[in-house]
Structure formats: C-alpha cells, structure tokens
Amino acid sequence: MSKRDYYEVLGISKDASEAEIKKAYRKLALKYHPDKNPDNKEAEDNFKEAAEAYEVLSNPSKKSRYDQYGHAGLGGAAGTSGYSMSMDDIFSQFGDIFGDAFGGAFGGFSGFGGTRQRRRRVNRGSNLRVKVKLTLEEIAKGVEKKIKVNKYVGCKTCSGTGSQGGSSYSSCSTCNGTGQVTRVTSTFLGQMQTSSTCPTCGGEGQTIVNKCNECLGDGIVRDEEIIAINIPAGVEDGMQLSMSGKGNAGARGGIPGDLIVLIEEIKNENFERDGMNLLHEAYISFSDAALGASIEVPTIEGKARIKISPGTQGGKVLRLKGKGLPSVNSYGTGDLLININVWTPKALSKEEKQILEKLSQSENFKPSPTAKDRSFFSRMQEYFGH
C-alpha cells in the first residue's frame, strides 16, 4: 500500500510547532504501544507508522525535504510501501519521550503489565553524505546510479559483535548491567539522585572479555561498498535524498546511519531550467521572422519542428506543452519555452545594403512602438502563460 502523509498520520497541520509534533506522537505511541496491544499486528503497524512520521517531522532537515518533495525527498519514489524503522530503531531513538509512562522502561517490553528489563543501549552509526551529478536527460527520466562508498561496515571476523568467538561478554561491574550509574548527593534541600550513562560500558550494560583482533572490539571496520541509488525523475539541484540504513554501520551490531545524497545538476548547453519548465533561446534570420518559417529546436527527448509565423517579433515566446521536466511528486510535467531572437547580421555586402536601404523607406519596415507584441509587459504575460 502507499504511504500516508506524515502530517495526516500524526493528525497535525503543516505549521505545527516542535512541541505539538512531539505531543501528537507521544499520544499515538502510548495508544499503540506493544505492551498495551499484545499480539496486535494492526497496532504494531500503527506504532511503527507514527514513529516514522515523527522521525521525519521532528528533524528540521528531513522535514524541510519532506515539505518540499514529499516521500521522494527521503530517498524513495512517491507511494512506496513498508516501514523503514524497526522496533529497535524506535526504542533506541525515542524511548526518552515517554519518561515513566511504562514504568520508566519504554525501551524494553515483555507484555503489558509484565516484568520489564532495561534494554541495553543500541549504538547508531553516523550518517554519510555523497554528491551525485546528473544531466537534465537523467533528471527527466529518473536514473539508477551506482557509487563506491568508503564507510564503516560490520566486521566479518566477529560478525559485528566485537568479541573474539562471538560470545565473550560479561555484565559490567560498574553499573551491574543496567547501563546507568546512579549518584546520590546531599544538598541544602536534601538528598538528590541523578542517573547518567555508565562510563565503563558506554550504556551497553556489558563489556567484552576477549576483543576481536580484526576490529579491536568495535565490531566495525573500514571497507568499500557499492551502493545503488534510485533517483526519481524531476529532482532539482541542491535537493537531498535520504537512504535509510546505508550510512556507517553501528558499533557492535548497532543501527546503521543514513546515506544523504546531494543532487548536483550538470549545466546544459541547450536549456536553462525554471522549476519544471525548460527555457531555450532560438535564433532566426530577419527574413524568416518577416516571411515565416519552420525551424528545428532541441527538446529533452530529441528534436522538434516549430512554426514561425510571418511577422514574428524578437522576444516572442513559444510554448511546447509537456516538453519540460516531470514533477518529483508526479504532479504533472512542465513545458518547453522557446524565446525567439531575431539575428541581425554584422556585415553586409554592398548589394545587401542597397536592398535594405530601399526596404527601409517602406512603411511596412518602420517599427511601431505601440504595437502590442512589442510591449515588454505583454511579452512577460505571454511568457508566464497569462
């Protein structure tokens, strides 16, 4: 099925504040939390959908891309189905939003009302950024690009665990496996208790006894990976696409980061881009402008012939409907706008000069400043389709 609009999922407007976004997500996540809805697949899907919507709308950069380009701006074609966040992603990233709503242990669940264990901290890999250059022809149709990325990947020797032999772990002696250390300090107001991430195990609750010789206990190593990037048609220069899980691997089996793809548009010698429209400068001779002609112009798909009416003035804009670029959200296709320029020869023979001097005496060859098609205002109206 197609993905729903993220604002619709959270039940908020596009101008909702950061606090309103957070409040709406918290309400839905409490409603559909797995502890409250055991063995309920529909509730689980709603839980994941709400988390995915919040993950995008709570991030200013992702929210900006989503507002401008929709789901396509996040690295997938509009209408793709499925969820990009797993339960581990949700609990590790958003558990702090819920505080004590589920007994202070939102990060781990074992059935509504059951006994909970604190979930160990899940490491998250960092995001990567790459730049992809595209021609207008590639932008018009969409394209798959394969790029080689130097990144952190899971260590094959220890299967990403960081442990020699795969199971050499022991409970952290500093935090007793909780991943948190609690300190009690005395103040003039009385005793105050504070908790913080364990400095020994980094919040994981366990330490490695025998570290892997290849990755030295990190569970990740540097390597090259070929990544296929499906770029939808209609993207624009400066647009960013996000590929979930294609960034650096997380340490010791953690969650991988994202790959951020920055689009760079290669300048085209035939066209200037104006959103979905393409602009082309066509040059015709004085005789073709006066007598009319049929000329050939380039299009993004090849070539096309257009008719020049007799008496065409320089600055006239001709429009070829649907010959521009598609919308990245599949909302239509732009036009090809052809600006007609009348070429004035720079050097004339004696005979040519005599002919033009004779023609210049004719009333038909004298300019009419009040003519509508010579008006700058009317030409701008024509250009913008009014």
# chains A, B, ... in the order shown; residues from 1 in each chain; ligands from 1

$ residues_around --residues "Val132 of chain A" --least-positions-apart "5" --cutoff "8 Å" --atoms "only C-alpha atoms" --output "PyMOL selection string"
chain A and resi 261-264

$ select_by_dssp --residues "segment 223-351 of chain A" --states "alpha helix (DSSP H)" --output "JSON, numbers by chain"
{"A": [286, 287, 288, 289, 290, 291, 350, 351]}

$ residues_around --residues "Asp274 of chain A" --least-positions-apart "5" --cutoff "10 Å" --atoms "only C-alpha atoms" --output "list in words"
Leu279, Gly324, Leu325, Gly334, Asp335, Leu336 and Leu337 of chain A

$ atom_distance --atom1 "atom CA of Gly179 of chain A" --atom2 "atom CA of Ser196 of chain A"
8.6 Å

$ closest_residue --among "A:Ala289, A:Leu134, A:Lys211, A:Thr299" --to "Gly165 of chain A" --atoms "only C-alpha atoms"
A:Lys211

$ residues_around --residues "Ile231 of chain A" --least-positions-apart "5" --cutoff "6 Å" --atoms "only C-alpha atoms" --output "list in words"
Gly142, Val143 and Glu144 of chain A

$ residues_around --residues "Met276 of chain A" --least-positions-apart "3" --cutoff "10 Å" --atoms "only C-alpha atoms" --output "list of chain:residue names"
A:Ala140, A:Gly234, A:Val235, A:Glu236, A:Arg273, A:Gly322, A:Lys323, A:Gly324, A:Leu325, A:Pro326, A:Ser327, A:Val328, A:Gly332, A:Thr333, A:Gly334, A:Asp335, A:Leu336

$ closest_residue --among "A:His71, A:Lys358, A:Lys246, A:Lys303" --to "Arg4 of chain A" --atoms "only C-alpha atoms"
A:His71

$ atom_distance --atom1 "atom CA of Thr344 of chain A" --atom2 "atom CA of Ile284 of chain A"
9.1 Å

$ atom_distance --atom1 "atom CA of Ala293 of chain A" --atom2 "atom CA of Arg305 of chain A"
10.2 Å

$ closest_residue --among "A:Pro199, A:Lys307, A:Gly253, A:Lys14" --to "Gly217 of chain A" --atoms "only C-alpha atoms"
A:Gly253

$ residues_around --residues "segment 152-154 of chain A" --least-positions-apart "6" --cutoff "10 Å" --atoms "only C-alpha atoms" --output "list in words"
Gly125, Ser126, Gly160, Thr161, Gly162, Cys215, Asp218, Gly219, Ile220, Val221, Arg222, Asp223, Glu224, Glu225, Lys246, Gly247, Asn248, Ala249, Gly250, Ala251, Arg252, Gly253, Gly254 and Pro256 of chain A

$ select_by_dssp --residues "segment 129-286 of chain A" --states "strand (DSSP E or B)" --output "ChimeraX atom specification"
/A:129-134,143-154,163,169-171,180-187,190-197,206-208,211,220-231,240-243,250,254-255,259-265,272-274,277-285

$ decode --residues "segment 207-240 of chain A" --atoms "N, CA, C and O atoms" --output "mmCIF file, in the first residue's frame"
data_model
loop_
_atom_site.group_PDB
_atom_site.id
_atom_site.type_symbol
_atom_site.label_atom_id
_atom_site.label_comp_id
_atom_site.auth_asym_id
_atom_site.auth_seq_id
_atom_site.Cartn_x
_atom_site.Cartn_y
_atom_site.Cartn_z
ATOM 1 N N THR A 207 30.437 -5.735 29.039
ATOM 2 C CA THR A 207 31.769 -5.480 28.492
ATOM 3 C C THR A 207 32.285 -6.740 27.817
ATOM 4 O O THR A 207 31.863 -7.860 28.140
ATOM 5 N N ILE A 208 33.183 -6.535 26.851
ATOM 6 C CA ILE A 208 33.752 -7.659 26.103
ATOM 7 C C ILE A 208 34.968 -8.206 26.842
ATOM 8 O O ILE A 208 35.849 -7.450 27.241
ATOM 9 N N VAL A 209 34.980 -9.531 27.024
ATOM 10 C CA VAL A 209 36.108 -10.176 27.703
ATOM 11 C C VAL A 209 37.282 -10.334 26.746
ATOM 12 O O VAL A 209 38.400 -9.907 27.029
ATOM 13 N N ASN A 210 37.016 -10.940 25.568
ATOM 14 C CA ASN A 210 38.066 -11.144 24.562
ATOM 15 C C ASN A 210 37.708 -10.375 23.298
ATOM 16 O O ASN A 210 36.806 -10.770 22.554
ATOM 17 N N LYS A 211 38.404 -9.272 23.067
ATOM 18 C CA LYS A 211 38.091 -8.428 21.912
ATOM 19 C C LYS A 211 38.589 -9.045 20.611
ATOM 20 O O LYS A 211 39.625 -9.709 20.581
ATOM 21 N N CYS A 212 37.830 -8.810 19.544
ATOM 22 C CA CYS A 212 38.191 -9.303 18.218
ATOM 23 C C CYS A 212 39.499 -8.668 17.764
ATOM 24 O O CYS A 212 39.694 -7.445 17.910
ATOM 25 N N ASN A 213 40.393 -9.470 17.213
ATOM 26 C CA ASN A 213 41.687 -8.960 16.763
ATOM 27 C C ASN A 213 41.580 -8.084 15.518
ATOM 28 O O ASN A 213 42.440 -7.257 15.257
ATOM 29 N N GLU A 214 40.503 -8.263 14.734
ATOM 30 C CA GLU A 214 40.342 -7.518 13.482
ATOM 31 C C GLU A 214 39.804 -6.107 13.738
ATOM 32 O O GLU A 214 40.308 -5.130 13.215
ATOM 33 N N CYS A 215 38.758 -5.996 14.533
ATOM 34 C CA CYS A 215 38.112 -4.684 14.761
ATOM 35 C C CYS A 215 38.426 -4.107 16.131
ATOM 36 O O CYS A 215 37.943 -3.013 16.470
ATOM 37 N N LEU A 216 39.197 -4.836 16.947
ATOM 38 C CA LEU A 216 39.616 -4.398 18.279
ATOM 39 C C LEU A 216 38.419 -4.103 19.192
ATOM 40 O O LEU A 216 38.452 -3.184 20.015
ATOM 41 N N GLY A 217 37.374 -4.874 19.000
ATOM 42 C CA GLY A 217 36.223 -4.775 19.881
ATOM 43 C C GLY A 217 35.127 -3.831 19.428
ATOM 44 O O GLY A 217 34.069 -3.765 20.051
ATOM 45 N N ASP A 218 35.370 -3.086 18.354
ATOM 46 C CA ASP A 218 34.360 -2.128 17.896
ATOM 47 C C ASP A 218 33.235 -2.784 17.094
ATOM 48 O O ASP A 218 32.124 -2.241 17.007
ATOM 49 N N GLY A 219 33.516 -3.906 16.471
ATOM 50 C CA GLY A 219 32.501 -4.583 15.658
ATOM 51 C C GLY A 219 32.350 -3.992 14.266
ATOM 52 O O GLY A 219 31.507 -4.441 13.486
ATOM 53 N N ILE A 220 33.141 -2.969 13.935
ATOM 54 C CA ILE A 220 33.074 -2.323 12.617
ATOM 55 C C ILE A 220 34.487 -2.076 12.095
ATOM 56 O O ILE A 220 35.419 -1.859 12.867
ATOM 57 N N VAL A 221 34.621 -2.140 10.771
ATOM 58 C CA VAL A 221 35.905 -1.883 10.106
ATOM 59 C C VAL A 221 35.650 -1.045 8.856
ATOM 60 O O VAL A 221 34.533 -0.996 8.338
ATOM 61 N N ARG A 222 36.683 -0.381 8.365
ATOM 62 C CA ARG A 222 36.586 0.396 7.139
ATOM 63 C C ARG A 222 36.608 -0.528 5.921
ATOM 64 O O ARG A 222 37.404 -1.448 5.835
ATOM 65 N N ASP A 223 35.705 -0.238 4.971
ATOM 66 C CA ASP A 223 35.679 -1.027 3.743
ATOM 67 C C ASP A 223 34.942 -0.224 2.674
ATOM 68 O O ASP A 223 34.331 0.814 2.967
ATOM 69 N N GLU A 224 35.005 -0.697 1.445
ATOM 70 C CA GLU A 224 34.281 -0.045 0.354
ATOM 71 C C GLU A 224 33.028 -0.847 0.013
ATOM 72 O O GLU A 224 33.049 -2.076 0.031
ATOM 73 N N GLU A 225 31.969 -0.135 -0.321
ATOM 74 C CA GLU A 225 30.706 -0.785 -0.670
ATOM 75 C C GLU A 225 30.105 -0.092 -1.890
ATOM 76 O O GLU A 225 30.113 1.140 -1.981
ATOM 77 N N ILE A 226 29.610 -0.889 -2.827
ATOM 78 C CA ILE A 226 28.909 -0.349 -3.997
ATOM 79 C C ILE A 226 27.432 -0.214 -3.635
ATOM 80 O O ILE A 226 26.783 -1.193 -3.288
ATOM 81 N N ILE A 227 26.921 1.009 -3.710
ATOM 82 C CA ILE A 227 25.527 1.271 -3.342
ATOM 83 C C ILE A 227 24.758 1.750 -4.563
ATOM 84 O O ILE A 227 25.193 2.664 -5.266
ATOM 85 N N ALA A 228 23.637 1.117 -4.842
ATOM 86 C CA ALA A 228 22.765 1.527 -5.952
ATOM 87 C C ALA A 228 21.760 2.553 -5.434
ATOM 88 O O ALA A 228 21.037 2.293 -4.469
ATOM 89 N N ILE A 229 21.728 3.720 -6.065
ATOM 90 C CA ILE A 229 20.836 4.804 -5.656
ATOM 91 C C ILE A 229 19.789 5.016 -6.740
ATOM 92 O O ILE A 229 20.109 5.373 -7.871
ATOM 93 N N ASN A 230 18.546 4.780 -6.414
ATOM 94 C CA ASN A 230 17.446 5.017 -7.356
ATOM 95 C C ASN A 230 16.969 6.457 -7.204
ATOM 96 O O ASN A 230 16.357 6.804 -6.198
ATOM 97 N N ILE A 231 17.265 7.281 -8.208
ATOM 98 C CA ILE A 231 16.924 8.698 -8.147
ATOM 99 C C ILE A 231 15.657 8.940 -8.957
ATOM 100 O O ILE A 231 15.615 8.657 -10.155
ATOM 101 N N PRO A 232 14.596 9.445 -8.327
ATOM 102 C CA PRO A 232 13.335 9.663 -9.045
ATOM 103 C C PRO A 232 13.448 10.797 -10.052
ATOM 104 O O PRO A 232 14.304 11.685 -9.927
ATOM 105 N N ALA A 233 12.603 10.772 -11.065
ATOM 106 C CA ALA A 233 12.582 11.834 -12.069
ATOM 107 C C ALA A 233 12.142 13.149 -11.432
ATOM 108 O O ALA A 233 11.340 13.163 -10.499
ATOM 109 N N GLY A 234 12.684 14.253 -11.947
ATOM 110 C CA GLY A 234 12.245 15.574 -11.522
ATOM 111 C C GLY A 234 13.004 16.188 -10.371
ATOM 112 O O GLY A 234 12.644 17.266 -9.909
ATOM 113 N N VAL A 235 14.064 15.521 -9.878
ATOM 114 C CA VAL A 235 14.823 16.102 -8.772
ATOM 115 C C VAL A 235 15.479 17.411 -9.212
ATOM 116 O O VAL A 235 15.645 17.666 -10.408
ATOM 117 N N GLU A 236 15.867 18.232 -8.245
ATOM 118 C CA GLU A 236 16.446 19.534 -8.550
ATOM 119 C C GLU A 236 17.818 19.689 -7.918
ATOM 120 O O GLU A 236 18.159 18.996 -6.961
ATOM 121 N N ASP A 237 18.578 20.626 -8.459
ATOM 122 C CA ASP A 237 19.903 20.923 -7.942
ATOM 123 C C ASP A 237 19.788 21.351 -6.471
ATOM 124 O O ASP A 237 18.967 22.199 -6.123
ATOM 125 N N GLY A 238 20.606 20.759 -5.611
ATOM 126 C CA GLY A 238 20.578 21.088 -4.195
ATOM 127 C C GLY A 238 19.643 20.221 -3.373
ATOM 128 O O GLY A 238 19.694 20.251 -2.143
ATOM 129 N N MET A 239 18.816 19.427 -4.033
ATOM 130 C CA MET A 239 17.892 18.542 -3.308
ATOM 131 C C MET A 239 18.679 17.425 -2.636
ATOM 132 O O MET A 239 19.694 16.953 -3.143
ATOM 133 N N GLN A 240 18.220 16.992 -1.459
ATOM 134 C CA GLN A 240 18.870 15.902 -0.742
ATOM 135 C C GLN A 240 17.921 14.713 -0.613
ATOM 136 O O GLN A 240 16.763 14.881 -0.236
#
